[in-house]
Structure formats: C-alpha cells, structure tokens
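Trainee: Pasting model_30.txt here (compact mmCIF, N, CA and C atoms):
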```
# COMPACT_ATOMS: atom_id res chain seq x y z
N MET J 1163 0.84 -1.17 0.00
CA MET J 1163 0.00 0.00 0.00
C MET J 1163 0.89 1.23 0.00
N PRO J 1164 0.50 2.27 -0.73
CA PRO J 1164 1.29 3.49 -0.79
C PRO J 1164 1.38 4.17 0.57
N SER J 1165 2.38 5.02 0.70
CA SER J 1165 2.59 5.70 1.98
C SER J 1165 1.48 6.67 2.32
N SER J 1166 0.81 7.21 1.35
CA SER J 1166 -0.28 8.14 1.60
C SER J 1166 -1.55 7.58 1.01
N VAL J 1167 -2.63 7.74 1.74
CA VAL J 1167 -3.89 7.20 1.27
C VAL J 1167 -5.01 8.18 1.52
N LEU J 1168 -6.00 8.22 0.64
CA LEU J 1168 -7.18 9.05 0.79
C LEU J 1168 -8.32 8.21 1.31
N PHE J 1169 -9.14 8.77 2.17
CA PHE J 1169 -10.26 8.04 2.72
C PHE J 1169 -11.54 8.83 2.55
N ILE J 1170 -12.58 8.17 2.15
CA ILE J 1170 -13.90 8.80 2.09
C ILE J 1170 -14.88 7.85 2.76
N CYS J 1171 -15.73 8.37 3.65
CA CYS J 1171 -16.69 7.54 4.35
C CYS J 1171 -18.07 8.16 4.34
N THR J 1172 -19.10 7.38 4.71
CA THR J 1172 -20.49 7.84 4.60
C THR J 1172 -21.09 8.38 5.87
N ALA J 1173 -22.15 9.13 5.71
CA ALA J 1173 -22.90 9.66 6.85
C ALA J 1173 -24.32 9.11 6.81
N GLY J 1174 -25.19 9.76 7.56
CA GLY J 1174 -26.58 9.33 7.55
C GLY J 1174 -26.76 8.05 8.31
N SER J 1175 -27.61 7.17 7.77
CA SER J 1175 -27.84 5.88 8.42
C SER J 1175 -26.65 5.00 8.13
N LEU J 1176 -25.63 5.16 8.93
CA LEU J 1176 -24.34 4.53 8.71
C LEU J 1176 -24.36 3.06 9.07
N ASP J 1177 -23.94 2.24 8.14
CA ASP J 1177 -23.79 0.81 8.38
C ASP J 1177 -22.30 0.52 8.35
N PHE J 1178 -21.74 0.18 9.50
CA PHE J 1178 -20.30 -0.03 9.59
C PHE J 1178 -19.85 -1.27 8.82
N LYS J 1179 -20.79 -2.05 8.28
CA LYS J 1179 -20.45 -3.23 7.50
C LYS J 1179 -20.55 -2.97 6.01
N SER J 1180 -20.74 -1.72 5.62
CA SER J 1180 -20.91 -1.36 4.21
C SER J 1180 -19.57 -1.27 3.50
N HIS J 1181 -19.54 -1.74 2.26
CA HIS J 1181 -18.35 -1.63 1.42
C HIS J 1181 -17.92 -0.17 1.36
N THR J 1182 -16.61 0.08 1.51
CA THR J 1182 -16.08 1.44 1.56
C THR J 1182 -14.86 1.55 0.67
N ILE J 1183 -14.80 2.60 -0.12
CA ILE J 1183 -13.66 2.89 -0.99
C ILE J 1183 -12.93 4.09 -0.42
N LEU J 1184 -11.65 3.91 -0.18
CA LEU J 1184 -10.82 4.98 0.37
C LEU J 1184 -10.03 5.63 -0.77
N LEU J 1185 -10.08 6.95 -0.85
CA LEU J 1185 -9.36 7.71 -1.88
C LEU J 1185 -8.29 8.55 -1.20
N VAL J 1186 -7.07 8.45 -1.72
CA VAL J 1186 -5.96 9.17 -1.10
C VAL J 1186 -5.12 9.86 -2.17
N GLN J 1187 -4.77 11.11 -1.88
CA GLN J 1187 -3.82 11.84 -2.71
C GLN J 1187 -2.87 12.55 -1.76
N PRO J 1188 -1.63 12.02 -1.60
CA PRO J 1188 -0.69 12.57 -0.63
C PRO J 1188 -0.19 13.97 -0.95
N ASN J 1189 -0.06 14.30 -2.24
CA ASN J 1189 0.44 15.63 -2.59
C ASN J 1189 -0.26 16.15 -3.83
N GLN J 1190 0.20 17.27 -4.37
CA GLN J 1190 -0.48 17.93 -5.49
C GLN J 1190 -0.39 17.17 -6.81
N ARG J 1191 0.56 16.28 -6.93
CA ARG J 1191 0.75 15.57 -8.20
C ARG J 1191 -0.38 14.56 -8.42
N PRO J 1192 -1.13 14.69 -9.51
CA PRO J 1192 -2.26 13.78 -9.76
C PRO J 1192 -1.86 12.30 -9.81
N GLU J 1193 -0.63 12.02 -10.22
CA GLU J 1193 -0.20 10.62 -10.33
C GLU J 1193 -0.02 9.95 -8.96
N THR J 1194 -0.11 10.71 -7.87
CA THR J 1194 0.00 10.11 -6.53
C THR J 1194 -1.34 9.61 -6.00
N ARG J 1195 -2.40 9.82 -6.75
CA ARG J 1195 -3.74 9.38 -6.33
C ARG J 1195 -3.79 7.85 -6.28
N THR J 1196 -4.39 7.34 -5.21
CA THR J 1196 -4.58 5.90 -5.07
C THR J 1196 -5.95 5.65 -4.44
N TYR J 1197 -6.37 4.42 -4.52
CA TYR J 1197 -7.60 4.04 -3.83
C TYR J 1197 -7.44 2.64 -3.26
N SER J 1198 -8.22 2.34 -2.24
CA SER J 1198 -8.27 1.02 -1.63
C SER J 1198 -9.72 0.74 -1.32
N ASP J 1199 -10.09 -0.53 -1.40
CA ASP J 1199 -11.46 -0.82 -1.01
C ASP J 1199 -11.48 -1.78 0.17
N TYR J 1200 -12.49 -1.62 1.00
CA TYR J 1200 -12.62 -2.36 2.25
C TYR J 1200 -14.03 -2.94 2.34
N GLU J 1201 -14.14 -4.06 3.01
CA GLU J 1201 -15.43 -4.71 3.19
C GLU J 1201 -16.34 -3.94 4.14
N SER J 1202 -15.75 -3.07 4.96
CA SER J 1202 -16.56 -2.32 5.92
C SER J 1202 -15.93 -0.95 6.18
N LEU J 1203 -16.74 -0.05 6.71
CA LEU J 1203 -16.24 1.26 7.10
C LEU J 1203 -15.19 1.12 8.19
N ASN J 1204 -15.44 0.23 9.15
CA ASN J 1204 -14.50 0.04 10.24
C ASN J 1204 -13.13 -0.40 9.73
N GLU J 1205 -13.11 -1.31 8.75
CA GLU J 1205 -11.84 -1.73 8.16
C GLU J 1205 -11.15 -0.55 7.48
N CYS J 1206 -11.92 0.32 6.86
CA CYS J 1206 -11.37 1.52 6.22
C CYS J 1206 -10.71 2.43 7.25
N LEU J 1207 -11.41 2.66 8.37
CA LEU J 1207 -10.86 3.51 9.43
C LEU J 1207 -9.58 2.92 10.00
N GLU J 1208 -9.58 1.62 10.22
CA GLU J 1208 -8.37 0.95 10.69
C GLU J 1208 -7.26 1.03 9.65
N GLY J 1209 -7.65 0.97 8.38
CA GLY J 1209 -6.68 1.10 7.29
C GLY J 1209 -6.01 2.46 7.29
N ILE J 1210 -6.74 3.49 7.60
CA ILE J 1210 -6.17 4.84 7.67
C ILE J 1210 -5.14 4.91 8.78
N CYS J 1211 -5.47 4.32 9.92
CA CYS J 1211 -4.52 4.30 11.04
C CYS J 1211 -3.28 3.52 10.66
N LYS J 1212 -3.47 2.42 9.95
CA LYS J 1212 -2.33 1.60 9.52
C LYS J 1212 -1.44 2.36 8.54
N ILE J 1213 -2.02 3.14 7.67
CA ILE J 1213 -1.24 3.96 6.73
C ILE J 1213 -0.36 4.94 7.51
N PHE J 1214 -0.94 5.55 8.53
CA PHE J 1214 -0.17 6.48 9.36
C PHE J 1214 0.95 5.75 10.10
N GLU J 1215 0.65 4.57 10.63
CA GLU J 1215 1.66 3.80 11.36
C GLU J 1215 2.81 3.40 10.43
N GLU J 1216 2.49 3.05 9.18
CA GLU J 1216 3.55 2.73 8.22
C GLU J 1216 4.39 3.97 7.91
N HIS J 1217 3.75 5.10 7.84
CA HIS J 1217 4.46 6.37 7.64
C HIS J 1217 5.44 6.61 8.80
N LEU J 1218 4.97 6.40 10.02
CA LEU J 1218 5.84 6.58 11.19
C LEU J 1218 7.00 5.59 11.19
N LYS J 1219 6.75 4.37 10.77
CA LYS J 1219 7.82 3.36 10.71
C LYS J 1219 8.90 3.77 9.71
N ARG J 1220 8.49 4.39 8.61
CA ARG J 1220 9.47 4.86 7.63
C ARG J 1220 10.28 6.03 8.19
N LEU J 1221 9.63 6.88 9.00
CA LEU J 1221 10.33 8.01 9.61
C LEU J 1221 11.28 7.56 10.73
N HIS J 1222 10.94 6.49 11.41
CA HIS J 1222 11.71 6.00 12.56
C HIS J 1222 12.00 4.51 12.40
N PRO J 1223 12.82 4.16 11.40
CA PRO J 1223 13.04 2.73 11.09
C PRO J 1223 13.74 1.94 12.19
N HIS J 1224 14.44 2.60 13.08
CA HIS J 1224 15.20 1.88 14.10
C HIS J 1224 14.47 1.79 15.43
N ASP J 1225 13.32 2.40 15.55
CA ASP J 1225 12.55 2.33 16.79
C ASP J 1225 11.83 0.98 16.86
N PRO J 1226 12.00 0.25 17.97
CA PRO J 1226 11.36 -1.06 18.08
C PRO J 1226 9.84 -0.99 18.18
N SER J 1227 9.31 0.10 18.72
CA SER J 1227 7.86 0.26 18.77
C SER J 1227 7.51 1.71 18.48
N ILE J 1228 6.35 1.89 17.91
CA ILE J 1228 5.89 3.22 17.52
C ILE J 1228 4.65 3.55 18.33
N THR J 1229 4.67 4.72 18.96
CA THR J 1229 3.48 5.19 19.66
C THR J 1229 3.14 6.58 19.14
N TYR J 1230 1.86 6.92 19.20
CA TYR J 1230 1.42 8.23 18.74
C TYR J 1230 0.10 8.55 19.41
N ASP J 1231 -0.25 9.83 19.38
CA ASP J 1231 -1.57 10.19 19.89
C ASP J 1231 -2.44 10.66 18.72
N ILE J 1232 -3.69 10.82 19.01
CA ILE J 1232 -4.66 11.11 17.94
C ILE J 1232 -4.38 12.45 17.26
N SER J 1233 -3.81 13.40 17.98
CA SER J 1233 -3.51 14.70 17.35
C SER J 1233 -2.47 14.53 16.25
N GLN J 1234 -1.51 13.63 16.43
CA GLN J 1234 -0.51 13.38 15.39
C GLN J 1234 -1.14 12.71 14.17
N LEU J 1235 -2.05 11.78 14.43
CA LEU J 1235 -2.77 11.14 13.33
C LEU J 1235 -3.58 12.16 12.54
N PHE J 1236 -4.29 13.03 13.25
CA PHE J 1236 -5.11 14.04 12.57
C PHE J 1236 -4.25 15.05 11.82
N GLU J 1237 -3.09 15.38 12.34
CA GLU J 1237 -2.18 16.29 11.63
C GLU J 1237 -1.72 15.65 10.32
N PHE J 1238 -1.41 14.36 10.38
CA PHE J 1238 -1.02 13.61 9.17
C PHE J 1238 -2.15 13.65 8.14
N ILE J 1239 -3.36 13.39 8.58
CA ILE J 1239 -4.52 13.40 7.68
C ILE J 1239 -4.68 14.79 7.06
N ASP J 1240 -4.55 15.83 7.86
CA ASP J 1240 -4.71 17.20 7.36
C ASP J 1240 -3.65 17.57 6.33
N GLN J 1241 -2.47 16.96 6.42
CA GLN J 1241 -1.39 17.28 5.49
C GLN J 1241 -1.56 16.61 4.13
N LEU J 1242 -2.43 15.62 4.04
CA LEU J 1242 -2.68 14.97 2.77
C LEU J 1242 -3.45 15.94 1.87
N THR J 1243 -3.10 15.97 0.59
CA THR J 1243 -3.81 16.84 -0.34
C THR J 1243 -5.29 16.45 -0.40
N ASP J 1244 -5.56 15.17 -0.42
CA ASP J 1244 -6.94 14.71 -0.42
C ASP J 1244 -7.04 13.37 0.28
N LEU J 1245 -8.08 13.25 1.08
CA LEU J 1245 -8.40 11.99 1.74
C LEU J 1245 -9.92 11.98 1.88
N SER J 1246 -10.52 10.97 1.31
CA SER J 1246 -11.98 10.88 1.37
C SER J 1246 -12.37 9.42 1.20
N CYS J 1247 -13.65 9.15 1.43
CA CYS J 1247 -14.11 7.79 1.24
C CYS J 1247 -15.51 7.79 0.67
N LEU J 1248 -15.86 6.68 0.08
CA LEU J 1248 -17.20 6.45 -0.47
C LEU J 1248 -17.75 5.24 0.26
N VAL J 1249 -18.90 5.42 0.91
CA VAL J 1249 -19.50 4.33 1.67
C VAL J 1249 -20.80 3.90 0.98
N PHE J 1250 -20.92 2.60 0.78
CA PHE J 1250 -22.11 2.08 0.09
C PHE J 1250 -23.33 2.18 0.99
N GLN J 1251 -24.38 2.76 0.44
CA GLN J 1251 -25.65 2.89 1.14
C GLN J 1251 -26.62 1.86 0.56
N LYS J 1252 -26.85 0.78 1.30
CA LYS J 1252 -27.71 -0.30 0.81
C LYS J 1252 -29.11 0.19 0.48
N THR J 1253 -29.62 1.11 1.29
CA THR J 1253 -30.98 1.61 1.10
C THR J 1253 -31.18 2.20 -0.28
N TYR J 1254 -30.18 2.93 -0.77
CA TYR J 1254 -30.29 3.64 -2.04
C TYR J 1254 -29.51 2.97 -3.17
N GLY J 1255 -28.65 2.02 -2.83
CA GLY J 1255 -27.85 1.35 -3.85
C GLY J 1255 -26.79 2.25 -4.45
N THR J 1256 -26.33 3.25 -3.67
CA THR J 1256 -25.32 4.19 -4.15
C THR J 1256 -24.23 4.38 -3.09
N TYR J 1257 -23.16 5.04 -3.50
CA TYR J 1257 -22.07 5.38 -2.58
C TYR J 1257 -22.21 6.83 -2.15
N THR J 1258 -21.99 7.08 -0.86
CA THR J 1258 -22.03 8.44 -0.33
C THR J 1258 -20.60 8.90 -0.03
N PRO J 1259 -20.20 10.09 -0.53
CA PRO J 1259 -18.84 10.58 -0.28
C PRO J 1259 -18.72 11.25 1.09
N HIS J 1260 -17.51 11.15 1.67
CA HIS J 1260 -17.21 11.81 2.94
C HIS J 1260 -15.79 12.36 2.91
N ASN J 1261 -15.60 13.48 3.60
CA ASN J 1261 -14.32 14.19 3.57
C ASN J 1261 -13.45 13.88 4.80
N LYS J 1262 -12.33 14.58 4.87
CA LYS J 1262 -11.36 14.38 5.97
C LYS J 1262 -11.98 14.59 7.34
N ASP J 1263 -12.74 15.67 7.50
CA ASP J 1263 -13.33 15.96 8.81
C ASP J 1263 -14.27 14.85 9.26
N TRP J 1264 -15.05 14.34 8.36
CA TRP J 1264 -15.97 13.25 8.68
C TRP J 1264 -15.17 12.01 9.09
N LEU J 1265 -14.11 11.73 8.34
CA LEU J 1265 -13.27 10.57 8.65
C LEU J 1265 -12.61 10.72 10.02
N LYS J 1266 -12.11 11.91 10.32
CA LYS J 1266 -11.47 12.13 11.62
C LYS J 1266 -12.48 11.91 12.75
N GLU J 1267 -13.69 12.36 12.57
CA GLU J 1267 -14.72 12.16 13.60
C GLU J 1267 -14.98 10.66 13.81
N LYS J 1268 -15.10 9.91 12.71
CA LYS J 1268 -15.36 8.47 12.82
C LYS J 1268 -14.16 7.75 13.44
N ILE J 1269 -12.95 8.16 13.09
CA ILE J 1269 -11.74 7.55 13.68
C ILE J 1269 -11.71 7.83 15.18
N TYR J 1270 -12.01 9.06 15.56
CA TYR J 1270 -12.03 9.44 16.97
C TYR J 1270 -12.98 8.53 17.75
N HIS J 1271 -14.19 8.35 17.24
CA HIS J 1271 -15.17 7.51 17.93
C HIS J 1271 -14.74 6.05 17.96
N MET J 1272 -14.13 5.57 16.88
CA MET J 1272 -13.65 4.19 16.83
C MET J 1272 -12.56 3.96 17.88
N LEU J 1273 -11.59 4.89 17.96
CA LEU J 1273 -10.49 4.73 18.90
C LEU J 1273 -10.98 4.87 20.35
N ARG J 1274 -11.93 5.76 20.59
CA ARG J 1274 -12.52 5.88 21.94
C ARG J 1274 -13.21 4.59 22.35
N LYS J 1275 -13.92 4.02 21.42
CA LYS J 1275 -14.62 2.76 21.69
C LYS J 1275 -13.62 1.64 21.98
N GLN J 1276 -12.54 1.58 21.21
CA GLN J 1276 -11.51 0.56 21.42
C GLN J 1276 -10.82 0.76 22.75
N ALA J 1277 -10.59 2.02 23.16
CA ALA J 1277 -9.91 2.31 24.43
C ALA J 1277 -10.80 1.94 25.61
N GLY J 1278 -12.11 1.97 25.40
CA GLY J 1278 -13.03 1.64 26.48
C GLY J 1278 -13.16 0.16 26.74
N LYS J 1279 -12.64 -0.67 25.85
CA LYS J 1279 -12.75 -2.15 26.02
C LYS J 1279 -11.79 -2.65 27.04
```
Show me, as structure tokens, the structure contained in the file I just sent.
Mentor:
Amino acid sequence: MPSSVLFICTAGSLDFKSHTILLVQPNQRPETRTYSDYESLNECLEGICKIFEEHLKRLHPHDPSITYDISQLFEFIDQLTDLSCLVFQKTYGTYTPHNKDWLKEKIYHMLRKQAGK
C-alpha cells in the first residue's frame, strides 16, 4: 500500500459493515492518487490508522515500537492533499462521499470505543 492514502466515508444511516472505498492523494501531483477498497467502514478507518503507522515506521526505522496520539494522526490526515471515502448505502444502492473531517470524527469515535474495552 502506498505511503499516503485518501479516505472517504459515509454519513446518515451509517452501516459499519458497508463496502467502503478509500481515496488518497498525498500531494499535489495527480499521479500520486490511489484508492483502496474495504469490506466495511470500520476496516477503512483501521486502514487509515495503519497507513499512518507505516508512515511513522518509515520516519523512525530503528525504533522497536511506535506510539502516537490522535492529534498526530489528525495532523497527518490534514497534510494529505486529499483523503476521502465512499461508503455504500444499501438503502439507495449508491455510494455516499465523505471528507477528511468526517473521517477524523469516525476515527475518533472508533479509537474511543476501542480504548473503552
């Protein structure tokens, strides 16, 4: 997977099991655009975190473990030229687009839920 990834996710009656396409453009060059597809929104959100973790591993190749806080993750997301996702809406049979802010909100809630376990 490329070092930078775009994510787009859905709103409304959100089904976390809906097929999700993540769109990523790390910089201004159009040829850096990539996409990934996931079986669920949750997998997409975890995929975004994994992209950031891979980025950190490249920055700190000799560190045995990598730790970060959510503000660092959000800063990374904000630095991407584009990050969005398309979430399949079963009710309408279409994909709904979502931007960086929407993704950050969903990631925040996902990580809070995981921390509460």
Trainee: Please, which residues of chain J, numbered as in this document, come out helix (DSSP H, G or I) from DSSP, as a ChimeraX atom specification?
Mentor: /J:1192-1194,1203-1221,1232-1241,1262-1277
Trainee: Name the closest residue to Tyr1197 of chain J among the candidates J:Ile1269, J:Cys1247, J:Leu1184, J:Ile1239; distances are taken between atoms, counting all atoms listed in the file.
Mentor: J:Leu1184
Trainee: Which residue out of J:Asn1261, J:Ser1233, J:Thr1196, J:Asn1189 has the minimum interatomic distance to Leu1245 of chain J when all atoms listed in the file are used?
Mentor: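 Closest to Leu1245 of chain J of all the choices is J:Asn1261.
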Trainee: Point out the residue among J:Phe1236, J:Phe1214, J:Phe1250, J:Tyr1270 with the least atom-to-atom distance to His1181 of chain J, counting all atoms listed in the file.
Mentor: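 Closest to His1181 of chain J of all the choices is J:Phe1250.
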Trainee: Taking the point (-11.0, 0.3, -0.7) as given in the file, collect each protein or nucleic acid residue that comes within 6 Å of it, counting only C-alpha atoms, and present the set as a PyMOL selection string.
Mentor: chain J and resi 1182-1184+1197-1200
Trainee: Among segment 1184-1268 of chain J, which residues does DSSP mark as strand (DSSP E or B) when it is run on the backbone? Keep the chain and numbering as in the structure and answer as a list in words.
Mentor: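 The residues of segment 1184-1268 of chain J classed as strand (DSSP E or B) are Leu1184, Leu1185, Val1186, Gln1187, Thr1196, Tyr1197, Ser1198, Asp1199, Tyr1200, Asp1244, Leu1245, Ser1246, Cys1247, Leu1248, Val1249, Phe1250, Gln1251, Thr1256, Tyr1257, Thr1258, Pro1259 and His1260 of chain J.
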Trainee: Quick one: 8 Å padding each side, axis-aligned, all listed atoms of segment 1261-1276 of chain J - centre and edge lengths in Å to one decimal, as AutoDock Vina command-line options?
Mentor:
```
--center_x -13.2 --center_y 8.3 --center_z 13.2 --size_x 21.5 --size_y 31.4 --size_z 35.2
```
Trainee: From the set J:Leu1242, J:Lys1252, J:Tyr1230, J:His1224, which residue has the shortest atom-to-atom contact distance to Val1186 of chain J, counting all atoms listed in the file?
Mentor: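 Going through J:Leu1242, J:Lys1252, J:Tyr1230, J:His1224 one by one, the smallest distance to Val1186 of chain J is for J:Leu1242.
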Trainee: Nearest residue to Asp1244 of chain J out of J:Ile1232, J:Leu1207, J:Lys1179, J:Lys1262, using only C-alpha atoms?
Mentor: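 Residue with the minimum atom-to-atom distance to Asp1244 of chain J: J:Lys1262.
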Trainee: Show which residues sit within 12 Å of Arg1274 of chain J, as a PyMOL selection string. Count only C-alpha atoms, and ignore same-chain residues fewer than 6 positions away.
Mentor: chain J and resi 1231-1232+1267-1268
Trainee: Of the candidates J:His1260, J:Phe1178, J:His1222, J:Thr1243, which shows the shortest atom-to-atom distance to Arg1191 of chain J, using all atoms listed in the file?
Mentor: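 Ranking J:His1260, J:Phe1178, J:His1222, J:Thr1243 by distance to Arg1191 of chain J, first place goes to J:Thr1243.
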Trainee: Atom CA of Glu1193 of chain J to atom CA of Trp1264 of chain J: how many Å, to one decimal?
Mentor: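 Atom CA of Glu1193 of chain J sits 24.8 Å away from atom CA of Trp1264 of chain J.
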Trainee: Calculate how many Å separate atom N of Thr1256 of chain J from atom C of Pro1192 of chain J, rounding to one decimal.
Mentor: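 Separation of atom N of Thr1256 of chain J and atom C of Pro1192 of chain J: 26.8 Å.
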Trainee: Output as a PDB file, keeping the file's coordinate frame: segment 1181-1191 of chain J, completed with all heavy atoms.
Mentor:
```pdb
ATOM      1  N   HIS J1181     -19.540  -1.740   2.260  1.00  0.00           N
ATOM      2  CA  HIS J1181     -18.350  -1.630   1.420  1.00  0.00           C
ATOM      3  C   HIS J1181     -17.920  -0.170   1.360  1.00  0.00           C
ATOM      4  O   HIS J1181     -18.748   0.731   1.222  1.00  0.00           O
ATOM      5  CB  HIS J1181     -18.654  -2.137   0.014  1.00  0.00           C
ATOM      6  CG  HIS J1181     -17.468  -2.114  -0.878  1.00  0.00           C
ATOM      7  ND1 HIS J1181     -17.283  -1.136  -1.832  1.00  0.00           N
ATOM      8  CD2 HIS J1181     -16.393  -2.934  -0.949  1.00  0.00           C
ATOM      9  CE1 HIS J1181     -16.146  -1.370  -2.465  1.00  0.00           C
ATOM     10  NE2 HIS J1181     -15.576  -2.444  -1.944  1.00  0.00           N
ATOM     11  N   THR J1182     -16.610   0.080   1.510  1.00  0.00           N
ATOM     12  CA  THR J1182     -16.080   1.440   1.560  1.00  0.00           C
ATOM     13  C   THR J1182     -14.860   1.550   0.670  1.00  0.00           C
ATOM     14  O   THR J1182     -13.982   0.688   0.697  1.00  0.00           O
ATOM     15  CB  THR J1182     -15.714   1.820   3.014  1.00  0.00           C
ATOM     16  OG1 THR J1182     -16.870   1.665   3.835  1.00  0.00           O
ATOM     17  CG2 THR J1182     -15.211   3.242   3.103  1.00  0.00           C
ATOM     18  N   ILE J1183     -14.800   2.600  -0.120  1.00  0.00           N
ATOM     19  CA  ILE J1183     -13.660   2.890  -0.990  1.00  0.00           C
ATOM     20  C   ILE J1183     -12.930   4.090  -0.420  1.00  0.00           C
ATOM     21  O   ILE J1183     -13.528   5.144  -0.194  1.00  0.00           O
ATOM     22  CB  ILE J1183     -14.117   3.180  -2.434  1.00  0.00           C
ATOM     23  CG1 ILE J1183     -14.877   1.979  -2.994  1.00  0.00           C
ATOM     24  CG2 ILE J1183     -12.910   3.540  -3.312  1.00  0.00           C
ATOM     25  CD1 ILE J1183     -15.593   2.265  -4.298  1.00  0.00           C
ATOM     26  N   LEU J1184     -11.650   3.910  -0.180  1.00  0.00           N
ATOM     27  CA  LEU J1184     -10.820   4.980   0.370  1.00  0.00           C
ATOM     28  C   LEU J1184     -10.030   5.630  -0.770  1.00  0.00           C
ATOM     29  O   LEU J1184      -9.363   4.942  -1.542  1.00  0.00           O
ATOM     30  CB  LEU J1184      -9.872   4.409   1.415  1.00  0.00           C
ATOM     31  CG  LEU J1184      -8.882   5.392   2.021  1.00  0.00           C
ATOM     32  CD1 LEU J1184      -9.628   6.462   2.814  1.00  0.00           C
ATOM     33  CD2 LEU J1184      -7.908   4.661   2.915  1.00  0.00           C
ATOM     34  N   LEU J1185     -10.080   6.950  -0.850  1.00  0.00           N
ATOM     35  CA  LEU J1185      -9.360   7.710  -1.880  1.00  0.00           C
ATOM     36  C   LEU J1185      -8.290   8.550  -1.200  1.00  0.00           C
ATOM     37  O   LEU J1185      -8.576   9.252  -0.239  1.00  0.00           O
ATOM     38  CB  LEU J1185     -10.332   8.627  -2.624  1.00  0.00           C
ATOM     39  CG  LEU J1185     -11.559   7.952  -3.222  1.00  0.00           C
ATOM     40  CD1 LEU J1185     -12.544   8.993  -3.727  1.00  0.00           C
ATOM     41  CD2 LEU J1185     -11.164   6.997  -4.317  1.00  0.00           C
ATOM     42  N   VAL J1186      -7.070   8.450  -1.720  1.00  0.00           N
ATOM     43  CA  VAL J1186      -5.960   9.170  -1.100  1.00  0.00           C
ATOM     44  C   VAL J1186      -5.120   9.860  -2.170  1.00  0.00           C
ATOM     45  O   VAL J1186      -4.808   9.278  -3.195  1.00  0.00           O
ATOM     46  CB  VAL J1186      -5.046   8.207  -0.306  1.00  0.00           C
ATOM     47  CG1 VAL J1186      -3.890   8.961   0.319  1.00  0.00           C
ATOM     48  CG2 VAL J1186      -5.827   7.443   0.722  1.00  0.00           C
ATOM     49  N   GLN J1187      -4.770  11.110  -1.880  1.00  0.00           N
ATOM     50  CA  GLN J1187      -3.820  11.840  -2.710  1.00  0.00           C
ATOM     51  C   GLN J1187      -2.870  12.550  -1.760  1.00  0.00           C
ATOM     52  O   GLN J1187      -3.201  13.549  -1.149  1.00  0.00           O
ATOM     53  CB  GLN J1187      -4.506  12.852  -3.630  1.00  0.00           C
ATOM     54  CG  GLN J1187      -3.522  13.551  -4.558  1.00  0.00           C
ATOM     55  CD  GLN J1187      -4.208  14.468  -5.556  1.00  0.00           C
ATOM     56  OE1 GLN J1187      -5.419  14.434  -5.715  1.00  0.00           O
ATOM     57  NE2 GLN J1187      -3.411  15.286  -6.241  1.00  0.00           N
ATOM     58  N   PRO J1188      -1.630  12.020  -1.600  1.00  0.00           N
ATOM     59  CA  PRO J1188      -0.690  12.570  -0.630  1.00  0.00           C
ATOM     60  C   PRO J1188      -0.190  13.970  -0.950  1.00  0.00           C
ATOM     61  O   PRO J1188       0.080  14.745  -0.039  1.00  0.00           O
ATOM     62  CB  PRO J1188       0.477  11.595  -0.653  1.00  0.00           C
ATOM     63  CG  PRO J1188       0.132  10.515  -1.599  1.00  0.00           C
ATOM     64  CD  PRO J1188      -1.161  10.839  -2.259  1.00  0.00           C
ATOM     65  N   ASN J1189      -0.060  14.300  -2.240  1.00  0.00           N
ATOM     66  CA  ASN J1189       0.440  15.630  -2.590  1.00  0.00           C
ATOM     67  C   ASN J1189      -0.260  16.150  -3.830  1.00  0.00           C
ATOM     68  O   ASN J1189      -1.224  15.533  -4.299  1.00  0.00           O
ATOM     69  CB  ASN J1189       1.974  15.615  -2.757  1.00  0.00           C
ATOM     70  CG  ASN J1189       2.421  14.649  -3.823  1.00  0.00           C
ATOM     71  OD1 ASN J1189       1.915  14.654  -4.938  1.00  0.00           O
ATOM     72  ND2 ASN J1189       3.379  13.793  -3.493  1.00  0.00           N
ATOM     73  N   GLN J1190       0.200  17.270  -4.370  1.00  0.00           N
ATOM     74  CA  GLN J1190      -0.480  17.930  -5.490  1.00  0.00           C
ATOM     75  C   GLN J1190      -0.390  17.170  -6.810  1.00  0.00           C
ATOM     76  O   GLN J1190      -1.183  17.426  -7.710  1.00  0.00           O
ATOM     77  CB  GLN J1190       0.087  19.343  -5.671  1.00  0.00           C
ATOM     78  CG  GLN J1190      -0.212  20.284  -4.516  1.00  0.00           C
ATOM     79  CD  GLN J1190      -1.695  20.625  -4.430  1.00  0.00           C
ATOM     80  OE1 GLN J1190      -2.415  20.674  -5.417  1.00  0.00           O
ATOM     81  NE2 GLN J1190      -2.165  20.823  -3.211  1.00  0.00           N
ATOM     82  N   ARG J1191       0.560  16.280  -6.930  1.00  0.00           N
ATOM     83  CA  ARG J1191       0.750  15.570  -8.200  1.00  0.00           C
ATOM     84  C   ARG J1191      -0.380  14.560  -8.420  1.00  0.00           C
ATOM     85  O   ARG J1191      -0.569  13.657  -7.607  1.00  0.00           O
ATOM     86  CB  ARG J1191       2.107  14.879  -8.232  1.00  0.00           C
ATOM     87  CG  ARG J1191       3.274  15.855  -8.193  1.00  0.00           C
ATOM     88  CD  ARG J1191       4.646  15.212  -8.403  1.00  0.00           C
ATOM     89  NE  ARG J1191       4.722  13.795  -8.159  1.00  0.00           N
ATOM     90  CZ  ARG J1191       5.275  13.239  -7.057  1.00  0.00           C
ATOM     91  NH1 ARG J1191       5.784  13.997  -6.104  1.00  0.00           N
ATOM     92  NH2 ARG J1191       5.314  11.936  -6.923  1.00  0.00           N
TER      93      ARG J1191
END
```
